[in-house]
Amino acid sequence: MSKQIQDAYIVAATRLPVGRRKGMLGHVRPDDMLAHAIRSVMAQVPGLDPAMVEDVIVGCAMPEAEQGMNVARIGLLLAGLPNSVPGVTVNRFCASGLQTVAMAADRIRLGEAEVMIAAGTETMSLMNQMMGNKIALNPAIFEKAENYAIGFGMGITAEKVAAQWKISREDQDAFAVASNQKACAAIAAGHFKAEISPYAVKARVPNLRTGEVTVKEYLAENDEGPRSDSSLAGLARLRPVFAARGSVTAGNSSQMSDGAAAVLVVSEKILKQFDLRPLARFAGFSVAGVAPEIMGIGPVEAIPRVLKRAGIRQDEVDWFELNEAFAAQALAVIRTLELDPAKVNPLGGAIALGHPLGATGTIRTATLVHGLQRTRQRYGMVSMCIGTGMGAAGLFESLQ
C-alpha cells in the first residue's frame with residue numbers, strides 16, 4: 001500500500017561558531033562539538049521530549065580517529081539524549097551535513113518518523129592531513145589514466161576549473177575580498193546571533209619544555225575566519241599553492257576549519273501537537289555526478305535537478321548558500337547557471353567563514369533558514385561541490 005508523501009519541517013537550527021584550524025576550537029573534540037549542537041537544538045524546543053527523537057543522522061567527511069566509532073551515537077549520548085535514541089554517521093564528503101538534512105526529511109516525508117535530528121561535525125585541527133590520518137588510495141587509481149583524477153587534490157581540480165572556465169586570478173581575489181567583507185559586516189550587524197550557540201572552551205595545553213599543563217577557558221561566540229583586513233593588494237602577494245603558474249591561492253580558497261551544527265526536523269503532526277512555528281519546509285534535494293577532475297562544477301548539475309523536481313524556477317530562489325570551496329569553482333558555477341550574484345552568499349561564504357567539511361552543509365542550512373526568516377524571503381538553497389566529482393543542492397521554503 002503506497003503512502004502519501006507528507007511535508008517535513010525544520011523547527012530549530014543551530015551551530016557553533018566556526019573556528020580556524022588550530023584556532024579557538026582546535027583542542028575541542030568533534031563529539032563534544034556535536035553534543036553541544038544537539039543539546040542546543042533540543043533546548044530551542046523545550047516542550048519536546050528528547051525520547052521522541054527517532055534517529056540522529058550526522059555528517060562527517062573524515063570519520064576516523066576522534067571522529068570515528070560512529071561519532072553520531074557517541075555525540076548524542078554525550079548530549080544526554082536517552083539510550084533509546086539511535087544514531088548513524090554518514091559520509092558524502094563536503095555534502096555530508098546537507099545529506100543528513102535530506103535523509104532526516106525523507107524519513108518524515110515517507111511517514112517513517114515524526115522527529116529527527118540532522119547534524120554535522122568536523123575537526124580539521126585534530127586530523128593530521130587534509131585526507132585524514134592515513135592516506136591509503138587504491139593503487140588501481142594510478143593504473144589507468146582515466147582514473148587519475150580520483151586521486152587529485154581539491155586544489156588541482158580548482159586549477160582545472162579556473163582554466164576551463166577562464167576564471168582569472170584577479171576575479172578570484174576580488175571574490176575572496178567580497179566574501180570577507182560580507183562576513184565581517186554580517187558579524188558586526190549581529191546577523192549570525194540567532195543561529196550560533198556559543199561554546200565554552202576549556203583547553204588543557206601542555207608545555208613540553210616545563211611539563212606543566214595550562215588550562216585556558218574562554219567563550220567562542222563568533223566565527224573566527226573572516227578577515228577585516230582582506231584586500232586585493234594583500235591577496236595579490238600570495239603565491240599559487242597547487243600549480244607553479246596557477247591562480248588558486250590560500251587567500252581565494254576555503255579555510256580549513258572546525259565546527260558542528262544540528263537541525264531538528266519534524267512532521268506536520270508534531271507541529272500541531274506542540275504548536276510549533278517552523279523555520280522552513282524542506283522542499284527538495286538532489287545530488288549529481290561530474291568528472292572528478294572538475295569536481296567544483298558539481299552544483300551546475302545538482303541545482304537544476306532539484307529545481308525541476310520541486311517545480312520552482314531559478315529566479316524564484318531568493319538566497320543561495322553556495323559553498324565557496326574555491327573562488328574559481330564558485331565563480332564558474334555562478335556564471336554557468338547565471339545566478340544573480342546579489343543572491344549568492346549575502347553574509348559571506350567559506351572563503352571567509354570556513355569549511356569544516358562534513359559539518360558545512362548543516363551549518364549553511366542553519367544560516368539559510370534563519371536568514372530567510374530575518375529577511376522575510378521565501379525560497380533558499382544550499383549547494384556545494386563534492387570531492388571525486390559530485391554536486392549537491394537542497395531547497396528550503398521559509399514559512400512566515
# chains A, B, ... in the order shown; residues from 1 in each chain; ligands from 1
>>> residues_around(residues="Pro240 in chain A", least_positions_apart="4", cutoff="12 Å", atoms="only C-alpha atoms", output="list in words")
Gly155, Ile156, Ala158, Glu159, Arg169, Gln172, Asp173, Leu235, Ala236, Ala244, Arg245, Gly246, Ser247, Val248, Thr249, Ala250, Gly251, Asn252 and Ser253 of chain A
>>> closest_residue(among="A:Ala104, A:Ala288, A:Val45, A:Ala118", to="Cys60 in chain A", atoms="only C-alpha atoms")
A:Ala118
>>> select_by_dssp(residues="range 296-394 of chain A", states="alpha helix (DSSP H)", output="CSV table (one decimal) with N, CA and C atoms, in the first residue's frame")
chain,number,residue,atom,x,y,z
A,299,PRO,N,27.7,21.7,-8.5
A,299,PRO,CA,26.4,22.4,-8.4
A,299,PRO,C,25.7,22.7,-9.7
A,300,VAL,N,26.4,22.9,-10.8
A,300,VAL,CA,25.8,23.2,-12.1
A,300,VAL,C,24.8,22.1,-12.5
A,301,GLU,N,25.1,20.8,-12.1
A,301,GLU,CA,24.2,19.7,-12.4
A,301,GLU,C,23.2,19.5,-11.3
A,302,ALA,N,23.5,19.8,-10.0
A,302,ALA,CA,22.6,19.5,-8.9
A,302,ALA,C,21.5,20.5,-8.8
A,303,ILE,N,21.8,21.8,-9.0
A,303,ILE,CA,20.8,22.9,-8.8
A,303,ILE,C,19.7,22.7,-9.7
A,304,PRO,N,19.9,22.6,-11.0
A,304,PRO,CA,18.7,22.5,-11.9
A,304,PRO,C,17.8,21.3,-11.6
A,305,ARG,N,18.5,20.2,-11.2
A,305,ARG,CA,17.7,19.0,-10.9
A,305,ARG,C,16.7,19.2,-9.8
A,306,VAL,N,17.2,19.8,-8.7
A,306,VAL,CA,16.3,19.9,-7.5
A,306,VAL,C,15.2,21.0,-7.9
A,307,LEU,N,15.5,22.0,-8.7
A,307,LEU,CA,14.5,23.0,-9.0
A,307,LEU,C,13.4,22.3,-9.9
A,308,LYS,N,13.8,21.5,-10.8
A,308,LYS,CA,12.9,20.8,-11.7
A,308,LYS,C,12.0,19.9,-10.9
A,309,ARG,N,12.5,19.2,-10.0
A,309,ARG,CA,11.7,18.2,-9.2
A,309,ARG,C,10.7,19.0,-8.3
A,310,ALA,N,11.1,20.2,-7.8
A,310,ALA,CA,10.3,20.9,-6.9
A,310,ALA,C,9.3,21.8,-7.7
A,327,ALA,N,37.3,30.1,-4.9
A,327,ALA,CA,36.6,31.2,-5.6
A,327,ALA,C,36.5,30.8,-7.1
A,328,ALA,N,37.4,30.0,-7.6
A,328,ALA,CA,37.4,29.6,-9.0
A,328,ALA,C,36.1,28.8,-9.3
A,329,GLN,N,35.8,27.8,-8.5
A,329,GLN,CA,34.7,27.0,-8.8
A,329,GLN,C,33.3,27.7,-8.5
A,330,ALA,N,33.3,28.5,-7.4
A,330,ALA,CA,32.1,29.3,-7.1
A,330,ALA,C,31.8,30.2,-8.3
A,331,LEU,N,32.8,30.9,-8.8
A,331,LEU,CA,32.5,31.8,-9.9
A,331,LEU,C,32.1,31.1,-11.2
A,332,ALA,N,32.7,29.9,-11.4
A,332,ALA,CA,32.3,29.1,-12.5
A,332,ALA,C,30.9,28.7,-12.5
A,333,VAL,N,30.4,28.3,-11.3
A,333,VAL,CA,29.0,27.9,-11.1
A,333,VAL,C,28.1,29.1,-11.3
A,334,ILE,N,28.4,30.2,-10.6
A,334,ILE,CA,27.6,31.4,-10.8
A,334,ILE,C,27.4,31.8,-12.2
A,335,ARG,N,28.5,31.8,-13.0
A,335,ARG,CA,28.5,32.3,-14.3
A,335,ARG,C,27.8,31.3,-15.3
A,336,THR,N,28.0,30.0,-15.0
A,336,THR,CA,27.4,29.0,-15.9
A,336,THR,C,25.9,29.0,-15.7
A,337,LEU,N,25.4,29.0,-14.5
A,337,LEU,CA,24.0,29.0,-14.2
A,337,LEU,C,23.3,30.4,-14.3
A,350,ALA,N,32.5,30.3,2.5
A,350,ALA,CA,33.5,29.5,3.2
A,350,ALA,C,34.9,30.1,3.1
A,351,ILE,N,35.2,31.0,2.1
A,351,ILE,CA,36.5,31.6,2.0
A,351,ILE,C,36.7,32.4,3.2
A,352,ALA,N,35.7,33.1,3.7
A,352,ALA,CA,35.8,33.9,5.0
A,352,ALA,C,35.4,33.1,6.2
A,353,LEU,N,34.2,32.4,6.1
A,353,LEU,CA,33.6,31.8,7.3
A,353,LEU,C,34.2,30.4,7.6
A,360,THR,N,29.7,21.4,7.1
A,360,THR,CA,29.3,22.6,6.4
A,360,THR,C,27.9,22.7,5.9
A,361,GLY,N,27.4,21.6,5.4
A,361,GLY,CA,26.0,21.5,4.9
A,361,GLY,C,25.0,21.9,5.9
A,362,THR,N,25.2,21.4,7.1
A,362,THR,CA,24.2,21.7,8.2
A,362,THR,C,24.4,23.1,8.7
A,363,ILE,N,25.7,23.5,8.8
A,363,ILE,CA,25.9,24.9,9.2
A,363,ILE,C,25.3,25.9,8.2
A,364,ARG,N,25.4,25.7,6.9
A,364,ARG,CA,24.9,26.6,5.9
A,364,ARG,C,23.3,26.5,5.9
A,365,THR,N,22.8,25.3,6.3
A,365,THR,CA,21.3,25.2,6.4
A,365,THR,C,20.8,26.1,7.5
A,366,ALA,N,21.6,26.1,8.6
A,366,ALA,CA,21.2,26.9,9.8
A,366,ALA,C,21.3,28.4,9.4
A,367,THR,N,22.3,28.8,8.7
A,367,THR,CA,22.4,30.2,8.2
A,367,THR,C,21.3,30.5,7.3
A,368,LEU,N,20.9,29.7,6.4
A,368,LEU,CA,19.9,29.9,5.4
A,368,LEU,C,18.5,30.1,6.1
A,369,VAL,N,18.1,29.1,6.9
A,369,VAL,CA,16.7,29.2,7.4
A,369,VAL,C,16.5,30.4,8.3
A,370,HIS,N,17.6,30.7,9.1
A,370,HIS,CA,17.5,31.9,10.0
A,370,HIS,C,17.5,33.1,9.1
A,371,GLY,N,18.3,33.1,8.1
A,371,GLY,CA,18.4,34.3,7.2
A,371,GLY,C,17.1,34.6,6.5
A,372,LEU,N,16.5,33.5,6.0
A,372,LEU,CA,15.2,33.7,5.3
A,372,LEU,C,14.2,34.3,6.2
A,373,GLN,N,14.2,33.8,7.5
A,373,GLN,CA,13.2,34.4,8.5
A,373,GLN,C,13.5,35.9,8.7
A,374,ARG,N,14.8,36.2,8.9
A,374,ARG,CA,15.1,37.6,9.2
A,374,ARG,C,14.7,38.5,8.0
A,375,THR,N,14.9,38.1,6.8
A,375,THR,CA,14.7,39.0,5.7
A,375,THR,C,13.3,38.8,5.1
>>> residues_around(residues="range 79-86 of chain A", least_positions_apart="5", cutoff="9 Å", atoms="only C-alpha atoms", output="ChimeraX atom specification")
/A:32,34-39,50-57,72-74
>>> write_last_selection(atoms="C-alpha atoms", output="compact mmCIF listing (two decimals), in the first residue's frame")
# COMPACT_ATOMS: atom_id res chain seq x y z
CA ASP A 32 31.94 17.31 22.19
CA LEU A 34 28.36 17.60 18.24
CA ALA A 35 26.96 17.08 21.73
CA HIS A 36 26.78 20.84 22.25
CA ALA A 37 24.95 21.33 18.95
CA ILE A 38 22.43 18.59 19.80
CA ARG A 39 21.79 19.92 23.32
CA PRO A 50 14.05 14.01 23.72
CA ALA A 51 12.83 10.41 23.76
CA MET A 52 10.67 11.28 20.76
CA VAL A 53 13.74 11.70 18.55
CA GLU A 54 13.69 8.65 16.33
CA ASP A 55 17.19 8.94 14.90
CA VAL A 56 20.19 11.27 14.82
CA ILE A 57 21.96 11.40 11.46
CA ALA A 72 26.78 10.26 15.85
CA ARG A 73 25.86 7.77 18.56
CA ILE A 74 28.65 8.90 20.86
